[in-house]
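Text of the file target_17.pdb, holding PDB, C-alpha atoms and all ligand atoms:
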ATOM      1  CA  MET A   1     112.528 117.535  99.649  1.00  0.00           C
ATOM      2  CA  GLN A   2     113.565 120.928 101.052  1.00  0.00           C
ATOM      3  CA  SER A   3     117.277 120.073 100.966  1.00  0.00           C
ATOM      4  CA  GLY A   4     117.088 119.503  97.220  1.00  0.00           C
ATOM      5  CA  HIS A   5     119.018 116.271  97.765  1.00  0.00           C
ATOM      6  CA  LEU A   6     116.663 113.992  95.909  1.00  0.00           C
ATOM      7  CA  PHE A   7     119.297 111.694  94.494  1.00  0.00           C
ATOM      8  CA  ARG A   8     121.910 109.294  95.804  1.00  0.00           C
ATOM      9  CA  TYR A   9     124.747 111.536  94.620  1.00  0.00           C
ATOM     10  CA  ASN A  10     124.873 114.124  97.414  1.00  0.00           C
ATOM     11  CA  PRO A  11     125.215 112.094 100.586  1.00  0.00           C
ATOM     12  CA  LEU A  12     125.256 113.538 104.068  1.00  0.00           C
ATOM     13  CA  PHE A  13     127.695 112.740 106.832  1.00  0.00           C
ATOM     14  CA  LEU A  14     125.792 111.478 109.848  1.00  0.00           C
ATOM     15  CA  SER A  15     127.037 110.160 113.129  1.00  0.00           C
ATOM     16  CA  GLU A  16     126.296 106.621 114.239  1.00  0.00           C
ATOM     17  CA  ASN A  17     123.409 107.568 116.488  1.00  0.00           C
ATOM     18  CA  GLN A  18     121.681 109.372 113.631  1.00  0.00           C
ATOM     19  CA  VAL A  19     121.573 106.236 111.530  1.00  0.00           C
ATOM     20  CA  ASN A  20     120.948 102.812 112.837  1.00  0.00           C
ATOM     21  CA  ASP A  21     124.188 101.300 111.578  1.00  0.00           C
ATOM     22  CA  THR A  22     125.530  98.920 114.176  1.00  0.00           C
ATOM     23  CA  ASN A  23     128.461  97.839 112.010  1.00  0.00           C
ATOM     24  CA  SER A  24     130.178 101.154 112.204  1.00  0.00           C
ATOM     25  CA  ASP A  25     131.565 103.268 115.013  1.00  0.00           C
ATOM     26  CA  GLN A  26     132.676 105.848 112.469  1.00  0.00           C
ATOM     27  CA  THR A  27     130.798 108.646 110.844  1.00  0.00           C
ATOM     28  CA  VAL A  28     129.085 107.022 107.864  1.00  0.00           C
ATOM     29  CA  LEU A  29     128.002 108.300 104.532  1.00  0.00           C
ATOM     30  CA  TYR A  30     124.248 108.225 104.016  1.00  0.00           C
ATOM     31  CA  SER A  31     122.167 109.842 101.324  1.00  0.00           C
ATOM     32  CA  ASP A  32     118.683 111.186 102.017  1.00  0.00           C
ATOM     33  CA  VAL A  33     117.381 108.512  99.674  1.00  0.00           C
ATOM     34  CA  ALA A  34     119.032 105.773 101.750  1.00  0.00           C
ATOM     35  CA  LEU A  35     117.559 107.246 104.925  1.00  0.00           C
ATOM     36  CA  PHE A  36     114.142 107.368 103.285  1.00  0.00           C
ATOM     37  CA  GLU A  37     114.469 103.717 102.227  1.00  0.00           C
ATOM     38  CA  GLN A  38     115.340 102.786 105.802  1.00  0.00           C
ATOM     39  CA  GLU A  39     112.446 104.770 107.316  1.00  0.00           C
ATOM     40  CA  PHE A  40     110.097 103.276 104.752  1.00  0.00           C
ATOM     41  CA  CYS A  41     111.168  99.752 105.767  1.00  0.00           C
ATOM     42  CA  ASP A  42     110.781 100.634 109.449  1.00  0.00           C
ATOM     43  CA  TYR A  43     107.203 101.710 108.730  1.00  0.00           C
ATOM     44  CA  THR A  44     106.066  98.884 106.407  1.00  0.00           C
ATOM     45  CA  GLY A  45     108.145  96.140 108.013  1.00  0.00           C
ATOM     46  CA  HIS A  46     109.882  95.169 104.782  1.00  0.00           C
ATOM     47  CA  GLN A  47     113.479  93.997 104.905  1.00  0.00           C
ATOM     48  CA  TYR A  48     114.662  96.049 101.929  1.00  0.00           C
ATOM     49  CA  ALA A  49     113.446  99.035  99.947  1.00  0.00           C
ATOM     50  CA  VAL A  50     114.843 100.511  96.761  1.00  0.00           C
ATOM     51  CA  ALA A  51     113.680 103.979  95.791  1.00  0.00           C
ATOM     52  CA  VAL A  52     113.185 104.511  92.067  1.00  0.00           C
ATOM     53  CA  ASN A  53     111.593 107.298  90.041  1.00  0.00           C
ATOM     54  CA  SER A  54     108.034 105.917  90.015  1.00  0.00           C
ATOM     55  CA  CYS A  55     105.850 102.985  90.981  1.00  0.00           C
ATOM     56  CA  GLY A  56     105.581 102.218  87.265  1.00  0.00           C
ATOM     57  CA  SER A  57     109.365 101.729  87.206  1.00  0.00           C
ATOM     58  CA  ALA A  58     109.202  99.686  90.416  1.00  0.00           C
ATOM     59  CA  MET A  59     106.617  97.331  88.859  1.00  0.00           C
ATOM     60  CA  PHE A  60     108.629  97.040  85.641  1.00  0.00           C
ATOM     61  CA  LEU A  61     111.802  96.237  87.608  1.00  0.00           C
ATOM     62  CA  ALA A  62     109.988  93.741  89.843  1.00  0.00           C
ATOM     63  CA  LEU A  63     108.549  91.951  86.804  1.00  0.00           C
ATOM     64  CA  LYS A  64     111.987  91.831  85.179  1.00  0.00           C
ATOM     65  CA  ALA A  65     113.641  90.718  88.434  1.00  0.00           C
ATOM     66  CA  VAL A  66     111.323  87.708  88.758  1.00  0.00           C
ATOM     67  CA  GLY A  67     112.068  86.713  85.185  1.00  0.00           C
ATOM     68  CA  VAL A  68     109.261  88.012  82.951  1.00  0.00           C
ATOM     69  CA  GLU A  69     110.397  87.618  79.364  1.00  0.00           C
ATOM     70  CA  HIS A  70     108.992  88.671  76.034  1.00  0.00           C
ATOM     71  CA  GLY A  71     105.598  87.061  75.459  1.00  0.00           C
ATOM     72  CA  ASP A  72     105.043  85.878  79.064  1.00  0.00           C
ATOM     73  CA  LYS A  73     101.469  86.286  80.321  1.00  0.00           C
ATOM     74  CA  VAL A  74     100.904  88.189  83.570  1.00  0.00           C
ATOM     75  CA  PHE A  75      97.643  88.178  85.548  1.00  0.00           C
ATOM     76  CA  SER A  76      96.374  91.555  86.713  1.00  0.00           C
ATOM     77  CA  ASN A  77      93.181  93.265  87.865  1.00  0.00           C
ATOM     78  CA  ALA A  78      90.798  94.295  85.100  1.00  0.00           C
ATOM     79  CA  PHE A  79      90.036  97.463  87.085  1.00  0.00           C
ATOM     80  CA  THR A  80      93.251  99.280  87.914  1.00  0.00           C
ATOM     81  CA  PHE A  81      95.342 102.224  86.757  1.00  0.00           C
ATOM     82  CA  THR A  82      96.944 102.260  83.286  1.00  0.00           C
ATOM     83  CA  ALA A  83     100.469 102.170  84.791  1.00  0.00           C
ATOM     84  CA  VAL A  84      99.868  98.536  85.765  1.00  0.00           C
ATOM     85  CA  PRO A  85      99.215  96.978  82.330  1.00  0.00           C
ATOM     86  CA  SER A  86     101.739  99.488  80.913  1.00  0.00           C
ATOM     87  CA  SER A  87     104.488  98.132  83.146  1.00  0.00           C
ATOM     88  CA  ILE A  88     103.578  94.560  82.132  1.00  0.00           C
ATOM     89  CA  VAL A  89     103.761  95.482  78.440  1.00  0.00           C
ATOM     90  CA  HIS A  90     106.968  97.475  79.058  1.00  0.00           C
ATOM     91  CA  ALA A  91     108.500  94.336  80.600  1.00  0.00           C
ATOM     92  CA  GLY A  92     107.563  92.394  77.438  1.00  0.00           C
ATOM     93  CA  GLY A  93     104.596  90.661  79.074  1.00  0.00           C
ATOM     94  CA  ILE A  94     100.981  90.214  78.016  1.00  0.00           C
ATOM     95  CA  PRO A  95      98.354  91.207  80.608  1.00  0.00           C
ATOM     96  CA  VAL A  96      95.642  88.635  81.372  1.00  0.00           C
ATOM     97  CA  TYR A  97      92.864  90.485  83.154  1.00  0.00           C
ATOM     98  CA  LEU A  98      90.920  89.174  86.138  1.00  0.00           C
ATOM     99  CA  GLU A  99      87.392  90.386  86.809  1.00  0.00           C
ATOM    100  CA  CYS A 100      86.847  92.603  89.840  1.00  0.00           C
ATOM    101  CA  ASN A 101      83.766  92.903  92.037  1.00  0.00           C
ATOM    102  CA  ALA A 102      81.920  96.112  92.964  1.00  0.00           C
ATOM    103  CA  ASP A 103      84.361  96.564  95.851  1.00  0.00           C
ATOM    104  CA  TYR A 104      87.343  96.680  93.436  1.00  0.00           C
ATOM    105  CA  GLN A 105      88.559  93.292  94.671  1.00  0.00           C
ATOM    106  CA  VAL A 106      89.777  90.490  92.417  1.00  0.00           C
ATOM    107  CA  ASP A 107      87.030  87.912  91.799  1.00  0.00           C
ATOM    108  CA  ILE A 108      88.505  84.677  93.152  1.00  0.00           C
ATOM    109  CA  ASP A 109      86.208  82.463  91.036  1.00  0.00           C
ATOM    110  CA  ASP A 110      87.349  84.289  87.910  1.00  0.00           C
ATOM    111  CA  PHE A 111      90.983  83.890  89.055  1.00  0.00           C
ATOM    112  CA  ARG A 112      90.507  80.091  89.267  1.00  0.00           C
ATOM    113  CA  LYS A 113      88.710  80.080  85.896  1.00  0.00           C
ATOM    114  CA  LYS A 114      91.479  82.097  84.194  1.00  0.00           C
ATOM    115  CA  ILE A 115      94.151  79.759  85.604  1.00  0.00           C
ATOM    116  CA  LYS A 116      92.316  76.838  83.972  1.00  0.00           C
ATOM    117  CA  GLU A 117      92.096  78.753  80.703  1.00  0.00           C
ATOM    118  CA  ASN A 118      95.734  79.934  80.911  1.00  0.00           C
ATOM    119  CA  PRO A 119      97.754  77.214  82.672  1.00  0.00           C
ATOM    120  CA  ASP A 120     100.967  78.796  81.350  1.00  0.00           C
ATOM    121  CA  VAL A 121     100.700  82.010  83.426  1.00  0.00           C
ATOM    122  CA  ARG A 122     103.535  82.242  85.991  1.00  0.00           C
ATOM    123  CA  TYR A 123     103.158  85.841  87.238  1.00  0.00           C
ATOM    124  CA  PHE A 124     100.507  87.978  88.927  1.00  0.00           C
ATOM    125  CA  LEU A 125     100.767  91.755  89.431  1.00  0.00           C
ATOM    126  CA  LEU A 126      97.995  92.366  91.984  1.00  0.00           C
ATOM    127  CA  SER A 127      96.653  95.895  92.521  1.00  0.00           C
ATOM    128  CA  TYR A 128      94.954  97.138  95.670  1.00  0.00           C
ATOM    129  CA  MET A 129      92.773  99.644  93.881  1.00  0.00           C
ATOM    130  CA  ARG A 130      91.847 102.663  96.001  1.00  0.00           C
ATOM    131  CA  GLY A 131      93.118 100.880  99.092  1.00  0.00           C
ATOM    132  CA  HIS A 132      90.609  98.020  98.759  1.00  0.00           C
ATOM    133  CA  ILE A 133      92.413  94.783  99.539  1.00  0.00           C
ATOM    134  CA  SER A 134      91.434  91.619  97.668  1.00  0.00           C
ATOM    135  CA  ASP A 135      91.447  88.346  99.579  1.00  0.00           C
ATOM    136  CA  VAL A 136      95.222  88.269  99.385  1.00  0.00           C
ATOM    137  CA  GLY A 137      95.594  85.305 101.757  1.00  0.00           C
ATOM    138  CA  GLU A 138      93.495  83.158  99.401  1.00  0.00           C
ATOM    139  CA  ILE A 139      95.169  84.641  96.320  1.00  0.00           C
ATOM    140  CA  LYS A 140      98.630  83.805  97.690  1.00  0.00           C
ATOM    141  CA  LYS A 141      97.480  80.249  98.447  1.00  0.00           C
ATOM    142  CA  ILE A 142      96.163  79.783  94.906  1.00  0.00           C
ATOM    143  CA  CYS A 143      99.385  81.297  93.513  1.00  0.00           C
ATOM    144  CA  ASP A 144     101.508  78.855  95.517  1.00  0.00           C
ATOM    145  CA  GLU A 145      99.384  75.892  94.373  1.00  0.00           C
ATOM    146  CA  ASN A 146      99.794  76.927  90.743  1.00  0.00           C
ATOM    147  CA  ASN A 147     103.427  78.033  90.744  1.00  0.00           C
ATOM    148  CA  ILE A 148     102.493  81.685  90.144  1.00  0.00           C
ATOM    149  CA  CYS A 149     104.842  84.418  91.374  1.00  0.00           C
ATOM    150  CA  LEU A 150     102.929  87.237  93.118  1.00  0.00           C
ATOM    151  CA  ILE A 151     103.960  90.921  92.999  1.00  0.00           C
ATOM    152  CA  GLU A 152     101.868  93.502  94.875  1.00  0.00           C
ATOM    153  CA  ASP A 153     100.998  96.937  93.533  1.00  0.00           C
ATOM    154  CA  CYS A 154     100.563  98.969  96.723  1.00  0.00           C
ATOM    155  CA  ALA A 155     100.320 102.357  94.975  1.00  0.00           C
ATOM    156  CA  HIS A 156      97.008 103.018  96.773  1.00  0.00           C
ATOM    157  CA  SER A 157      97.651 101.140  99.977  1.00  0.00           C
ATOM    158  CA  LEU A 158     100.509 102.743 101.884  1.00  0.00           C
ATOM    159  CA  GLY A 159      99.358 102.637 105.526  1.00  0.00           C
ATOM    160  CA  VAL A 160      96.845  99.823 104.977  1.00  0.00           C
ATOM    161  CA  ARG A 161      97.134  96.909 107.370  1.00  0.00           C
ATOM    162  CA  TRP A 162      95.942  93.360 106.744  1.00  0.00           C
ATOM    163  CA  ARG A 163      95.483  90.281 108.899  1.00  0.00           C
ATOM    164  CA  ASP A 164      95.339  86.765 107.472  1.00  0.00           C
ATOM    165  CA  GLU A 165      92.847  84.478 109.209  1.00  0.00           C
ATOM    166  CA  LYS A 166      95.655  82.288 110.555  1.00  0.00           C
ATOM    167  CA  ASP A 167      97.455  85.245 112.163  1.00  0.00           C
ATOM    168  CA  SER A 168      96.570  87.089 115.351  1.00  0.00           C
ATOM    169  CA  GLU A 169      98.188  90.403 114.377  1.00  0.00           C
ATOM    170  CA  SER A 170      97.798  92.547 111.314  1.00  0.00           C
ATOM    171  CA  VAL A 171     100.816  93.561 109.253  1.00  0.00           C
ATOM    172  CA  HIS A 172     101.368  96.313 106.741  1.00  0.00           C
ATOM    173  CA  ILE A 173     100.063  95.224 103.345  1.00  0.00           C
ATOM    174  CA  GLY A 174     102.745  94.142 100.871  1.00  0.00           C
ATOM    175  CA  HIS A 175     104.137  91.020 102.526  1.00  0.00           C
ATOM    176  CA  HIS A 176     102.383  88.311 100.516  1.00  0.00           C
ATOM    177  CA  GLY A 177     104.201  88.795  97.232  1.00  0.00           C
ATOM    178  CA  ILE A 178     107.894  88.527  96.468  1.00  0.00           C
ATOM    179  CA  ALA A 179     107.946  92.322  96.054  1.00  0.00           C
ATOM    180  CA  ALA A 180     105.610  95.230  96.757  1.00  0.00           C
ATOM    181  CA  CYS A 181     105.594  98.472  94.769  1.00  0.00           C
ATOM    182  CA  PHE A 182     104.519 101.806  96.278  1.00  0.00           C
ATOM    183  CA  SER A 183     103.911 105.209  94.691  1.00  0.00           C
ATOM    184  CA  ALA A 184     104.664 108.750  95.846  1.00  0.00           C
ATOM    185  CA  GLN A 185     102.990 110.345  92.832  1.00  0.00           C
ATOM    186  CA  SER A 186     100.970 113.498  93.553  1.00  0.00           C
ATOM    187  CA  ASN A 187      97.610 111.673  93.860  1.00  0.00           C
ATOM    188  CA  LYS A 188      98.868 108.946  96.182  1.00  0.00           C
ATOM    189  CA  LEU A 189      99.261 108.628  99.954  1.00  0.00           C
ATOM    190  CA  ILE A 190     102.558 110.507 100.102  1.00  0.00           C
ATOM    191  CA  ASN A 191     102.883 113.285  97.549  1.00  0.00           C
ATOM    192  CA  ALA A 192     106.451 113.715  96.304  1.00  0.00           C
ATOM    193  CA  GLY A 193     105.194 115.662  93.304  1.00  0.00           C
ATOM    194  CA  GLU A 194     106.154 115.100  89.720  1.00  0.00           C
ATOM    195  CA  ARG A 195     109.244 116.551  88.106  1.00  0.00           C
ATOM    196  CA  GLY A 196     110.703 118.908  90.699  1.00  0.00           C
ATOM    197  CA  ASP A 197     108.396 121.542  92.102  1.00  0.00           C
ATOM    198  CA  SER A 198     105.583 121.239  89.552  1.00  0.00           C
ATOM    199  CA  CYS A 199     103.263 119.925  92.239  1.00  0.00           C
ATOM    200  CA  ASN A 200     103.366 123.357  93.895  1.00  0.00           C
ATOM    201  CA  ARG A 201     102.012 125.250  90.917  1.00  0.00           C
TER     202      ARG A 201
HETATM  203  C1  LIG A 301      99.483 105.646  90.178  1.00  0.00           C
HETATM  204  C2  LIG A 301      99.395 104.176  90.170  1.00  0.00           C
HETATM  205  C3  LIG A 301     100.505 103.379  89.874  1.00  0.00           C
HETATM  206  C4  LIG A 301     101.817 103.949  89.376  1.00  0.00           C
HETATM  207  O1  LIG A 301     102.368 104.909  90.179  1.00  0.00           O
HETATM  208  P1  LIG A 301     103.420 105.983  89.591  1.00  0.00           P
HETATM  209  O2  LIG A 301     104.278 106.291  90.782  1.00  0.00           O
HETATM  210  O3  LIG A 301     102.592 107.138  89.115  1.00  0.00           O
HETATM  211  O4  LIG A 301     104.174 105.308  88.487  1.00  0.00           O
HETATM  212  C5  LIG A 301     100.391 102.024  90.000  1.00  0.00           C
HETATM  213  N1  LIG A 301      99.223 101.458  90.356  1.00  0.00           N
HETATM  214  C6  LIG A 301      98.116 102.177  90.618  1.00  0.00           C
HETATM  215  C7  LIG A 301      96.879 101.478  91.026  1.00  0.00           C
HETATM  216  C8  LIG A 301      98.164 103.562  90.513  1.00  0.00           C
HETATM  217  O5  LIG A 301      97.063 104.296  90.716  1.00  0.00           O
END

Can you turn what I pasted into structure tokens?
Ligand SMILES: *Cc1c(COP(=O)(O)O)cnc(C)c1O
Amino acid sequence: MQSGHLFRYNPLFLSENQVNDTNSDQTVLYSDVALFEQEFCDYTGHQYAVAVNSCGSAMFLALKAVGVEHGDKVFSNAFTFTAVPSSIVHAGGIPVYLECNADYQVDIDDFRKKIKENPDVRYFLLSYMRGHISDVGEIKKICDENNICLIEDCAHSLGVRWRDEKDSESVHIGHHGIAACFSAQSNKLINAGERGDSCNR
């Protein structure tokens, strides 16, 4: 942030031992953004990360990447932030809301009921509202049984770990879906501000 190099267009020259690039014995070109993506993956355990301007954009791109087309229904939490249904609508989709319990988790019985009522739904954008994790192991199982593609909205859950019953170790949340979207907006776990230095005012 302090360097002012927020974009991919002003890369730094770093030596091999400064970046973990085993394919090169030369000085390689790396932007701060690329280094951030790599550090982010190291932390969350994801294979790839792509930094974009907002989590809303990340969700939109994820929905488009998995094939959401105009008029496709997308399951989502009834209780979440407006960016979530907005990204579904932006991608051309129609949100189908799932009831949440008092702990902000998706109601699994309602999920099963809504699948029966909407057998054509092929996508689910699942939010972890305020860091509360729904029963994602069960949700993923139901998704697989019903040919539903799961995307995780981790805007509130950077740093949250989760352990499925079958596993002995916990992992960083965001590994059940085909993609996980994180936010660095000023109210989230890492604050990268909004529009330059406005977060400082
Ligand atoms: C803030 C938020 C988003 C979107 O994040 P932005 O980076 O502001 O686009 C997505 N989901 C939830 C639950 C949020 O609170």

Using only C-alpha atoms and all ligand atoms, find each residue in chain A having at least one atom no more than 8 Å away from ligand LIG 301 (chain A); report its shortest atom-to-atom pair and that distance in Å (one decimal), rows by chain then rising number, as JSON lines.
{"residue": "A:Asn53", "atom": "CA", "partner": "A:LIG301", "partner_atom": "O2", "distance": 7.4}
{"residue": "A:Ser54", "atom": "CA", "partner": "A:LIG301", "partner_atom": "O2", "distance": 3.9}
{"residue": "A:Cys55", "atom": "CA", "partner": "A:LIG301", "partner_atom": "O2", "distance": 3.7}
{"residue": "A:Gly56", "atom": "CA", "partner": "A:LIG301", "partner_atom": "O4", "distance": 3.6}
{"residue": "A:Ser57", "atom": "CA", "partner": "A:LIG301", "partner_atom": "O4", "distance": 6.4}
{"residue": "A:Ala58", "atom": "CA", "partner": "A:LIG301", "partner_atom": "O4", "distance": 7.8}
{"residue": "A:Met59", "atom": "CA", "partner": "A:LIG301", "partner_atom": "C5", "distance": 7.9}
{"residue": "A:Thr80", "atom": "CA", "partner": "A:LIG301", "partner_atom": "C7", "distance": 5.3}
{"residue": "A:Phe81", "atom": "CA", "partner": "A:LIG301", "partner_atom": "C7", "distance": 4.6}
{"residue": "A:Thr82", "atom": "CA", "partner": "A:LIG301", "partner_atom": "C6", "distance": 7.4}
{"residue": "A:Ala83", "atom": "CA", "partner": "A:LIG301", "partner_atom": "C4", "distance": 5.1}
{"residue": "A:Val84", "atom": "CA", "partner": "A:LIG301", "partner_atom": "N1", "distance": 5.5}
{"residue": "A:Ser127", "atom": "CA", "partner": "A:LIG301", "partner_atom": "C7", "distance": 5.8}
{"residue": "A:Tyr128", "atom": "CA", "partner": "A:LIG301", "partner_atom": "C7", "distance": 6.6}
{"residue": "A:Met129", "atom": "CA", "partner": "A:LIG301", "partner_atom": "C7", "distance": 5.3}
{"residue": "A:Arg130", "atom": "CA", "partner": "A:LIG301", "partner_atom": "C7", "distance": 7.2}
{"residue": "A:Asp153", "atom": "CA", "partner": "A:LIG301", "partner_atom": "N1", "distance": 5.8}
{"residue": "A:Cys154", "atom": "CA", "partner": "A:LIG301", "partner_atom": "N1", "distance": 7.0}
{"residue": "A:Ala155", "atom": "CA", "partner": "A:LIG301", "partner_atom": "N1", "distance": 4.8}
{"residue": "A:His156", "atom": "CA", "partner": "A:LIG301", "partner_atom": "C7", "distance": 6.0}
{"residue": "A:Cys181", "atom": "CA", "partner": "A:LIG301", "partner_atom": "C5", "distance": 7.9}
{"residue": "A:Phe182", "atom": "CA", "partner": "A:LIG301", "partner_atom": "O2", "distance": 7.1}
{"residue": "A:Ser183", "atom": "CA", "partner": "A:LIG301", "partner_atom": "O2", "distance": 4.1}
{"residue": "A:Ala184", "atom": "CA", "partner": "A:LIG301", "partner_atom": "O2", "distance": 5.6}
{"residue": "A:Gln185", "atom": "CA", "partner": "A:LIG301", "partner_atom": "O2", "distance": 4.7}
{"residue": "A:Ser186", "atom": "CA", "partner": "A:LIG301", "partner_atom": "O3", "distance": 7.9}
{"residue": "A:Asn187", "atom": "CA", "partner": "A:LIG301", "partner_atom": "C1", "distance": 7.3}
{"residue": "A:Lys188", "atom": "CA", "partner": "A:LIG301", "partner_atom": "C1", "distance": 6.9}

Saved selection, atoms kept: C-alpha atoms, as a short mmCIF file (atom, residue, chain, number, x, y, z; two decimals), in the coordinates of the input:
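Once written, selection-v8.cif looks like this:
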data_model
loop_
_atom_site.label_atom_id
_atom_site.label_comp_id
_atom_site.auth_asym_id
_atom_site.auth_seq_id
_atom_site.Cartn_x
_atom_site.Cartn_y
_atom_site.Cartn_z
CA ASN A 53 111.59 107.30 90.04
CA SER A 54 108.03 105.92 90.02
CA CYS A 55 105.85 102.98 90.98
CA GLY A 56 105.58 102.22 87.26
CA SER A 57 109.36 101.73 87.21
CA ALA A 58 109.20 99.69 90.42
CA MET A 59 106.62 97.33 88.86
CA THR A 80 93.25 99.28 87.91
CA PHE A 81 95.34 102.22 86.76
CA THR A 82 96.94 102.26 83.29
CA ALA A 83 100.47 102.17 84.79
CA VAL A 84 99.87 98.54 85.76
CA SER A 127 96.65 95.90 92.52
CA TYR A 128 94.95 97.14 95.67
CA MET A 129 92.77 99.64 93.88
CA ARG A 130 91.85 102.66 96.00
CA ASP A 153 101.00 96.94 93.53
CA CYS A 154 100.56 98.97 96.72
CA ALA A 155 100.32 102.36 94.98
CA HIS A 156 97.01 103.02 96.77
CA CYS A 181 105.59 98.47 94.77
CA PHE A 182 104.52 101.81 96.28
CA SER A 183 103.91 105.21 94.69
CA ALA A 184 104.66 108.75 95.85
CA GLN A 185 102.99 110.34 92.83
CA SER A 186 100.97 113.50 93.55
CA ASN A 187 97.61 111.67 93.86
CA LYS A 188 98.87 108.95 96.18
#

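For the atom pair formed by CA of Glu152 in chain A and CA of Leu125 in chain A, the distance is 5.8 Å, given to one decimal.
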
Residues selected by the PyMOL selection byres (((chain A and resi 161-171) around 9) and not hetatm), written as a PyMOL selection string: chain A and resi 44-45+133+135-137+157-160+172-175

Applying 10 Å and only C-alpha atoms, which residues near range 89-95 of chain A remain after dropping the ones on its own chain fewer than 6 positions away? List them as a list in words. Gly56, Ser57, Met59, Phe60, Leu61, Ala62, Leu63, Lys64, Gly67, Val68, Glu69, His70, Gly71, Asp72, Lys73, Val74, Phe75, Ser76, Asn77, Ala78, Ala83, Val121, Tyr123, Phe124 and Leu125 of chain A

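You will find CA of Glu138 in chain A at 24.7 Å from CA of Ser87 in chain A.
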
Spatial neighbours of range 48-52 of chain A, max dist 9 Å, only C-alpha atoms, sep filter under 6 positions, as a list in words: Val33, Ala34, Phe36, Glu37, Gln38, Phe40, Cys41 and Ala58 of chain A

Residue subset to file, keeping C-alpha atoms, as a short mmCIF file (atom, residue, chain, number, x, y, z; two decimals), in the frame of the given file:
data_model
loop_
_atom_site.label_atom_id
_atom_site.label_comp_id
_atom_site.auth_asym_id
_atom_site.auth_seq_id
_atom_site.Cartn_x
_atom_site.Cartn_y
_atom_site.Cartn_z
CA VAL A 33 117.38 108.51 99.67
CA ALA A 34 119.03 105.77 101.75
CA PHE A 36 114.14 107.37 103.28
CA GLU A 37 114.47 103.72 102.23
CA GLN A 38 115.34 102.79 105.80
CA PHE A 40 110.10 103.28 104.75
CA CYS A 41 111.17 99.75 105.77
CA ALA A 58 109.20 99.69 90.42
#

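Here CA of Ala179 in chain A is placed at a distance of 5.2 Å from CA of Ile151 in chain A.
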
Closest atom pairs, range 124-178 of chain A residues within 12 Å of range 116-120 of chain A, all atoms listed in the file, as a Markdown table:
| residue | atom | partner | partner_atom | distance |
| --- | --- | --- | --- | --- |
| A:Phe124 | CA | A:Asp120 | CA | 11.9 |
| A:Ile142 | CA | A:Lys116 | CA | 12.0 |
| A:Cys143 | CA | A:Pro119 | CA | 11.7 |
| A:Glu145 | CA | A:Pro119 | CA | 11.9 |
| A:Asn146 | CA | A:Pro119 | CA | 8.3 |
| A:Asn147 | CA | A:Asp120 | CA | 9.7 |
| A:Ile148 | CA | A:Asp120 | CA | 9.4 |

If I only have part of range 114-125 of chain A, can you fill in N, CA and C atoms and write it as a PDB file, in the coordinates of the input?
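File result-v2.pdb, as written:
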ATOM      1  N   LYS A 114      90.441  81.630  85.125  1.00  0.00           N
ATOM      2  CA  LYS A 114      91.479  82.097  84.194  1.00  0.00           C
ATOM      3  C   LYS A 114      92.741  81.234  84.288  1.00  0.00           C
ATOM      4  N   ILE A 115      92.997  80.677  85.481  1.00  0.00           N
ATOM      5  CA  ILE A 115      94.151  79.759  85.604  1.00  0.00           C
ATOM      6  C   ILE A 115      93.909  78.524  84.740  1.00  0.00           C
ATOM      7  N   LYS A 116      92.659  78.030  84.794  1.00  0.00           N
ATOM      8  CA  LYS A 116      92.316  76.838  83.972  1.00  0.00           C
ATOM      9  C   LYS A 116      92.482  77.158  82.487  1.00  0.00           C
ATOM     10  N   GLU A 117      92.026  78.361  82.119  1.00  0.00           N
ATOM     11  CA  GLU A 117      92.096  78.753  80.703  1.00  0.00           C
ATOM     12  C   GLU A 117      93.519  79.085  80.256  1.00  0.00           C
ATOM     13  N   ASN A 118      94.351  79.507  81.233  1.00  0.00           N
ATOM     14  CA  ASN A 118      95.734  79.934  80.911  1.00  0.00           C
ATOM     15  C   ASN A 118      96.723  79.247  81.858  1.00  0.00           C
ATOM     16  N   PRO A 119      96.889  77.924  81.719  1.00  0.00           N
ATOM     17  CA  PRO A 119      97.754  77.214  82.672  1.00  0.00           C
ATOM     18  C   PRO A 119      99.226  77.608  82.565  1.00  0.00           C
ATOM     19  N   ASP A 120      99.566  78.398  81.544  1.00  0.00           N
ATOM     20  CA  ASP A 120     100.967  78.796  81.350  1.00  0.00           C
ATOM     21  C   ASP A 120     101.328  80.080  82.098  1.00  0.00           C
ATOM     22  N   VAL A 121     100.381  80.731  82.777  1.00  0.00           N
ATOM     23  CA  VAL A 121     100.700  82.010  83.426  1.00  0.00           C
ATOM     24  C   VAL A 121     101.503  81.766  84.705  1.00  0.00           C
ATOM     25  N   ARG A 122     102.632  82.438  84.845  1.00  0.00           N
ATOM     26  CA  ARG A 122     103.535  82.242  85.991  1.00  0.00           C
ATOM     27  C   ARG A 122     103.663  83.491  86.880  1.00  0.00           C
ATOM     28  N   TYR A 123     102.976  84.579  86.502  1.00  0.00           N
ATOM     29  CA  TYR A 123     103.158  85.841  87.238  1.00  0.00           C
ATOM     30  C   TYR A 123     101.809  86.508  87.486  1.00  0.00           C
ATOM     31  N   PHE A 124     101.740  87.248  88.589  1.00  0.00           N
ATOM     32  CA  PHE A 124     100.507  87.978  88.927  1.00  0.00           C
ATOM     33  C   PHE A 124     100.929  89.316  89.543  1.00  0.00           C
ATOM     34  N   LEU A 125     100.556  90.410  88.876  1.00  0.00           N
ATOM     35  CA  LEU A 125     100.767  91.755  89.431  1.00  0.00           C
ATOM     36  C   LEU A 125      99.419  92.211  89.979  1.00  0.00           C
TER      37      LEU A 125
END
